[in-house]
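> Below you will find the structure I want to go over with you.
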Amino acid sequence: MGVSAPTLGFAPRNAGVRGGSRLGPAPPHVTRSDMVSPPLEEAAAAASSAPPRVERAPRPLMGSQGRSGSPGNRGAREGEGGEARKAQEAGVARRKRGKGKGRAGGGRGGRGSGAEGKPAGKAAGPGQEGEGGAEEGPTGSGKRDDGGAGPGEEERSGIPGARTAMAAAAEDAAAAEPAARPAALCRLPEELLLLICSYLDMRALGRLAQVCRWLRRFTSCDLLWRRIARASLNSGFTRLGTDLMTGIPVKERVKVSQNWRLGRCREGILLKWRCSQMPWMQLEDGSLYISQANFILAYQFRPDGASLNRRPFRVFAGHDEDVCHFVLSNSHIVSAGGDGKIGVHKIHSTFTVKYSAHEQEVNCVDCKGGIIVSGSRDRTAKVWPLASGRLGQCLHTIQTEDRVWSIAISPLLSSFVTGTACCGHFSPLRIWDLNSGQLITHLGSDFPPGAGVLDVMYESPSTLLSCGYDTYVRYWDLRTSARKCVMEWEEPHDSTLYCLQTDGNHLLATGSSYYGVVRLWDRRQRACLHAFPLTSTPLSSPVYCLRFTTRHLYAALSYNLHILDFQNP
């Protein structure tokens, strides 16, 4: 036709391609259409009349909005160009509202920055490099963010400006969509959002907390985690739903409970002593009370709960022989000694009273509601008042006809249970009336001779746990039957069980006689969950007493006090 490419408004086909004849880079304020044709007064007037907007990187314009056409036809495309600019401005506004930070646009030698302002990745390949010299951003797309196609793309498509304003607006809406989803979720009423989250498990709640800061705060609500915590091990909730650890967030307790379930812990030694002993211990208000020989020492925990202040802040004495057992009740320490005496100590004062209670050593003692019960090797159990004016006055003397190893008062303060050596022809577990001292019932009927009960504890007014020489932990429910336990767990190595402890829900811990083995049991399963041997052959020792919190487990052995730290495994 005799018409050259510049007359039609097209750039040379090899412009921007390596190895071909290329023009020098255009100044930033000059578009390619200005290089091939005279500037248009109409386009300048339309641009000056448009509302002010944020300037972005220049994009190549052919004809009106990337469409081919002769200079004479550009006036007909001015309306389309204005609509395209408005669509682009709307996309920019949506992106700023949704993401806050845009991805970097490309310029010659410039840096592309992602949402965090990081430098761009690798530069575009030879097929993507155009006159602008745009670099590939963190998304790896190799496209400029201003909605315009690079020269390399124009060359591949064969149509200059093939990426239209509608495509740019669609991509802006897609980029802003992930940020809009949590915003829509946050606009729900809290009651509805709580109902939705109540169907999520622990893993899903953790993922939801990673969406945004608001949802992170919302998913830390104790109400959302109570259901999960009640199904977890040692989370501070009893079987009836009572929260025993109100000062610790429920979410944090659920995290630590996974370490109990998986057996992840760090072992350490808190205290050591030179001679072999049979220690007993109790925990209360961040303090540890432990018996050593004929003394009871009180230590203060450090804030981490995994270490003690080396010097005891109080020492309680009064017995002539070793302390066999003691309990804490109403700011009092009630102790039972091998000298046959019972000692009553005020925790926050020097008040101490001891009186002769039995003819032989007192093996066990319990105190609730101002009443003390004691069991002795002399085959008797006795009931005493705690009132200061009546200390030492025996209310009832009960002939058990067997040595008493363990004793516990019911939470209703109406009865108490004794665990004996099982040397007679009757059950070692018997329940007595606290007011009259009469026998109410005996538990079980198939105990072998010598299956003495070394530890017994009430979990509720109608349920209790026992363990002893027969290597079984038994769970009794007085509402169903007193003749047979409702659940039992057998020690795998046929080792005597000296002590037990429960969280009131699913976790059960026991201490064995050989190698100081502490076992964790999930009461919903028959098999042992985890075992922790704390001693070796030369110093093999039973676990005489153990206590635990939601974060730590403490086990007292013959020569030292061990700790299992489940918070920082």
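Identifiers in the structure tokens: chain A, B, ... in order shown; residue index from 1 per chain; ligand index from 1 in order shown.
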From a backbone DSSP assignment, name each residue in stretch 252-475 of chain A labelled helix (DSSP H, G or I), as a list in words.
Glu252, Arg253, Val254, Lys255, Val256, Ser257, Gln258, Asn259, Trp260, Arg261, Leu262, Ser388, Gly389 and Arg390 of chain A
> Applying 8 Å and only C-alpha atoms, which residues near stretch 448-461 of chain A remain after dropping the ones on its own chain fewer than 2 positions away? List them as a ChimeraX atom specification.
/A:405-412,418-424,428-429,446,463-470,497-500,504
> Neighbouring residues of A:Ser512 were defined as those with any atom within 12 Å, considering only C-alpha atoms; residues of the same chain fewer than 2 positions away were excluded. Please report them as a PyMOL selection string.
chain A and resi 454+467-473+490-500+509-510+514-520+531-535+540-546+555-557
> Could you please determine the separation between atom CA of A:Thr219 and atom CA of A:Leu185 in Å, to one decimal place?
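Taking atom CA of A:Thr219 and atom CA of A:Leu185, their separation equals 12.7 Å.
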> List the spatial neighbours of A:Cys367 as a ChimeraX atom specification - criterion: any atom at most 9 Å away, only C-alpha atoms, same-chain residues fewer than 2 positions off excluded.
/A:327-329,334,365,369-374,386,408-409
> Could you save the residues just selected, with N, CA and C atoms, as a PDB file, in the first residue's frame?

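This went into result36.pdb:
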ATOM      1  N   VAL A 327      -1.163 -34.312 105.934  1.00  0.00           N
ATOM      2  CA  VAL A 327      -2.097 -33.638 105.028  1.00  0.00           C
ATOM      3  C   VAL A 327      -2.164 -32.168 105.413  1.00  0.00           C
ATOM      4  N   LEU A 328      -2.615 -31.355 104.460  1.00  0.00           N
ATOM      5  CA  LEU A 328      -2.846 -29.926 104.681  1.00  0.00           C
ATOM      6  C   LEU A 328      -4.343 -29.670 104.715  1.00  0.00           C
ATOM      7  N   SER A 329      -4.810 -28.956 105.731  1.00  0.00           N
ATOM      8  CA  SER A 329      -6.233 -28.689 105.852  1.00  0.00           C
ATOM      9  C   SER A 329      -6.453 -27.437 106.689  1.00  0.00           C
ATOM     10  N   VAL A 334      -1.535 -31.653 109.522  1.00  0.00           N
ATOM     11  CA  VAL A 334      -1.812 -32.759 110.436  1.00  0.00           C
ATOM     12  C   VAL A 334      -0.913 -33.915 110.013  1.00  0.00           C
ATOM     13  N   VAL A 365      -3.252 -40.687 107.773  1.00  0.00           N
ATOM     14  CA  VAL A 365      -4.091 -39.694 108.424  1.00  0.00           C
ATOM     15  C   VAL A 365      -4.794 -38.873 107.354  1.00  0.00           C
ATOM     16  N   GLY A 369     -13.088 -30.849 107.114  1.00  0.00           N
ATOM     17  CA  GLY A 369     -14.219 -30.324 107.857  1.00  0.00           C
ATOM     18  C   GLY A 369     -14.047 -30.337 109.363  1.00  0.00           C
ATOM     19  N   GLY A 370     -12.829 -30.149 109.839  1.00  0.00           N
ATOM     20  CA  GLY A 370     -12.614 -30.120 111.273  1.00  0.00           C
ATOM     21  C   GLY A 370     -12.585 -31.485 111.927  1.00  0.00           C
ATOM     22  N   ILE A 371     -12.472 -32.568 111.128  1.00  0.00           N
ATOM     23  CA  ILE A 371     -12.418 -33.929 111.654  1.00  0.00           C
ATOM     24  C   ILE A 371     -11.131 -34.598 111.175  1.00  0.00           C
ATOM     25  N   ILE A 372     -10.451 -35.290 112.078  1.00  0.00           N
ATOM     26  CA  ILE A 372      -9.240 -36.038 111.765  1.00  0.00           C
ATOM     27  C   ILE A 372      -9.539 -37.529 111.922  1.00  0.00           C
ATOM     28  N   VAL A 373      -9.121 -38.316 110.924  1.00  0.00           N
ATOM     29  CA  VAL A 373      -9.176 -39.776 111.044  1.00  0.00           C
ATOM     30  C   VAL A 373      -7.765 -40.316 110.854  1.00  0.00           C
ATOM     31  N   SER A 374      -7.437 -41.336 111.601  1.00  0.00           N
ATOM     32  CA  SER A 374      -6.089 -41.912 111.559  1.00  0.00           C
ATOM     33  C   SER A 374      -6.180 -43.426 111.546  1.00  0.00           C
ATOM     34  N   LEU A 386     -10.635 -31.490 115.313  1.00  0.00           N
ATOM     35  CA  LEU A 386      -9.527 -30.560 115.064  1.00  0.00           C
ATOM     36  C   LEU A 386      -9.643 -29.300 115.906  1.00  0.00           C
ATOM     37  N   ALA A 408      -9.151 -42.327 103.959  1.00  0.00           N
ATOM     38  CA  ALA A 408      -9.628 -41.114 103.273  1.00  0.00           C
ATOM     39  C   ALA A 408     -11.043 -40.807 103.713  1.00  0.00           C
ATOM     40  N   ILE A 409     -11.351 -39.513 103.873  1.00  0.00           N
ATOM     41  CA  ILE A 409     -12.680 -39.043 104.275  1.00  0.00           C
ATOM     42  C   ILE A 409     -13.468 -38.675 103.029  1.00  0.00           C
TER      43      ILE A 409
END
> I want to know what sits within 8 Å of A:Tyr299, based on only C-alpha atoms, with residues of the same chain fewer than 6 positions away left out; could you give that as a tab-separated table (two decimals) with N, CA, C and O atoms, in the first residue's frame?

chain	number	residue	atom	x	y	z
A	287	SER	N	3.84	-23.64	96.97
A	287	SER	CA	4.80	-24.16	97.94
A	287	SER	C	4.77	-25.68	97.93
A	287	SER	O	3.75	-26.31	97.61
A	288	LEU	N	5.91	-26.26	98.29
A	288	LEU	CA	6.05	-27.70	98.38
A	288	LEU	C	6.37	-28.08	99.82
A	288	LEU	O	7.31	-27.54	100.42
A	289	TYR	N	5.58	-28.98	100.38
A	289	TYR	CA	5.80	-29.48	101.73
A	289	TYR	C	6.21	-30.95	101.60
A	289	TYR	O	5.47	-31.75	101.00
A	308	LEU	N	13.22	-24.94	92.88
A	308	LEU	CA	12.89	-24.52	94.25
A	308	LEU	C	13.95	-23.59	94.79
A	308	LEU	O	15.13	-23.65	94.38
A	309	ASN	N	13.55	-22.73	95.72
A	309	ASN	CA	14.54	-22.03	96.53
A	309	ASN	C	15.19	-23.05	97.46
A	309	ASN	O	14.50	-23.82	98.15
A	310	ARG	N	16.50	-23.09	97.48
A	310	ARG	CA	17.22	-24.17	98.15
A	310	ARG	C	16.98	-24.20	99.66
A	310	ARG	O	17.00	-25.25	100.27
A	311	ARG	N	16.75	-23.07	100.25
A	311	ARG	CA	16.55	-23.03	101.69
A	311	ARG	C	15.05	-23.06	102.00
A	311	ARG	O	14.28	-22.27	101.45
A	312	PRO	N	14.60	-23.97	102.87
A	312	PRO	CA	13.18	-24.00	103.23
A	312	PRO	C	12.80	-22.75	104.03
A	312	PRO	O	13.58	-22.23	104.82
A	313	PHE	N	11.60	-22.25	103.79
A	313	PHE	CA	11.17	-21.05	104.51
A	313	PHE	C	10.49	-21.41	105.84
A	313	PHE	O	10.23	-20.52	106.65
A	314	ARG	N	10.21	-22.71	106.09
A	314	ARG	CA	9.65	-23.11	107.37
A	314	ARG	C	9.93	-24.59	107.60
A	314	ARG	O	9.95	-25.39	106.66
> Can you measure atom CA of A:Leu194 to atom CA of A:Arg216 for me? One decimal in Å is fine.
13.4 Å
> List the neighbours of stretch 259-270 of chain A out to 7 Å using only C-alpha atoms; skip same-chain residues closer than 2 positions along the sequence, and give me the result as a list of chain:residue names.
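Everything that qualifies: A:Leu233, A:Val256, A:Ser257, A:Ser307, A:Leu308, A:His530, A:Asn560, A:Leu561, A:His562, A:Ile563, A:Leu564, A:Asp565, A:Phe566, A:Asn568, A:Pro569.
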> Just how far from atom CA of A:Ser462 is atom CA of A:Arg479, in Å to one decimal?
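Separation between atom CA of A:Arg479 and atom CA of A:Ser462: 6.4 Å.
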> Would you give me, as a PyMOL selection string, the residues in stretch 428-552 of chain A that DSSP reads as strand (DSSP E)?
chain A and resi 429-433+439-443+453-460+463-468+472-477+487-490+497-502+507-512+517-522+528-533+545-548+552
> So which residues touch A:Gln393 within 9 Å, counting only C-alpha atoms, skipping near sequence neighbours fewer than 3 positions away, as a tab-separated table (two decimals) with C-alpha atoms, in the first residue's frame?

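File produced: part.tsv:
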chain	number	residue	atom	x	y	z
A	383	VAL	CA	-11.72	-40.25	114.78
A	384	TRP	CA	-10.51	-36.96	116.35
A	385	PRO	CA	-11.75	-33.34	116.43
A	390	ARG	CA	-10.69	-30.64	122.02
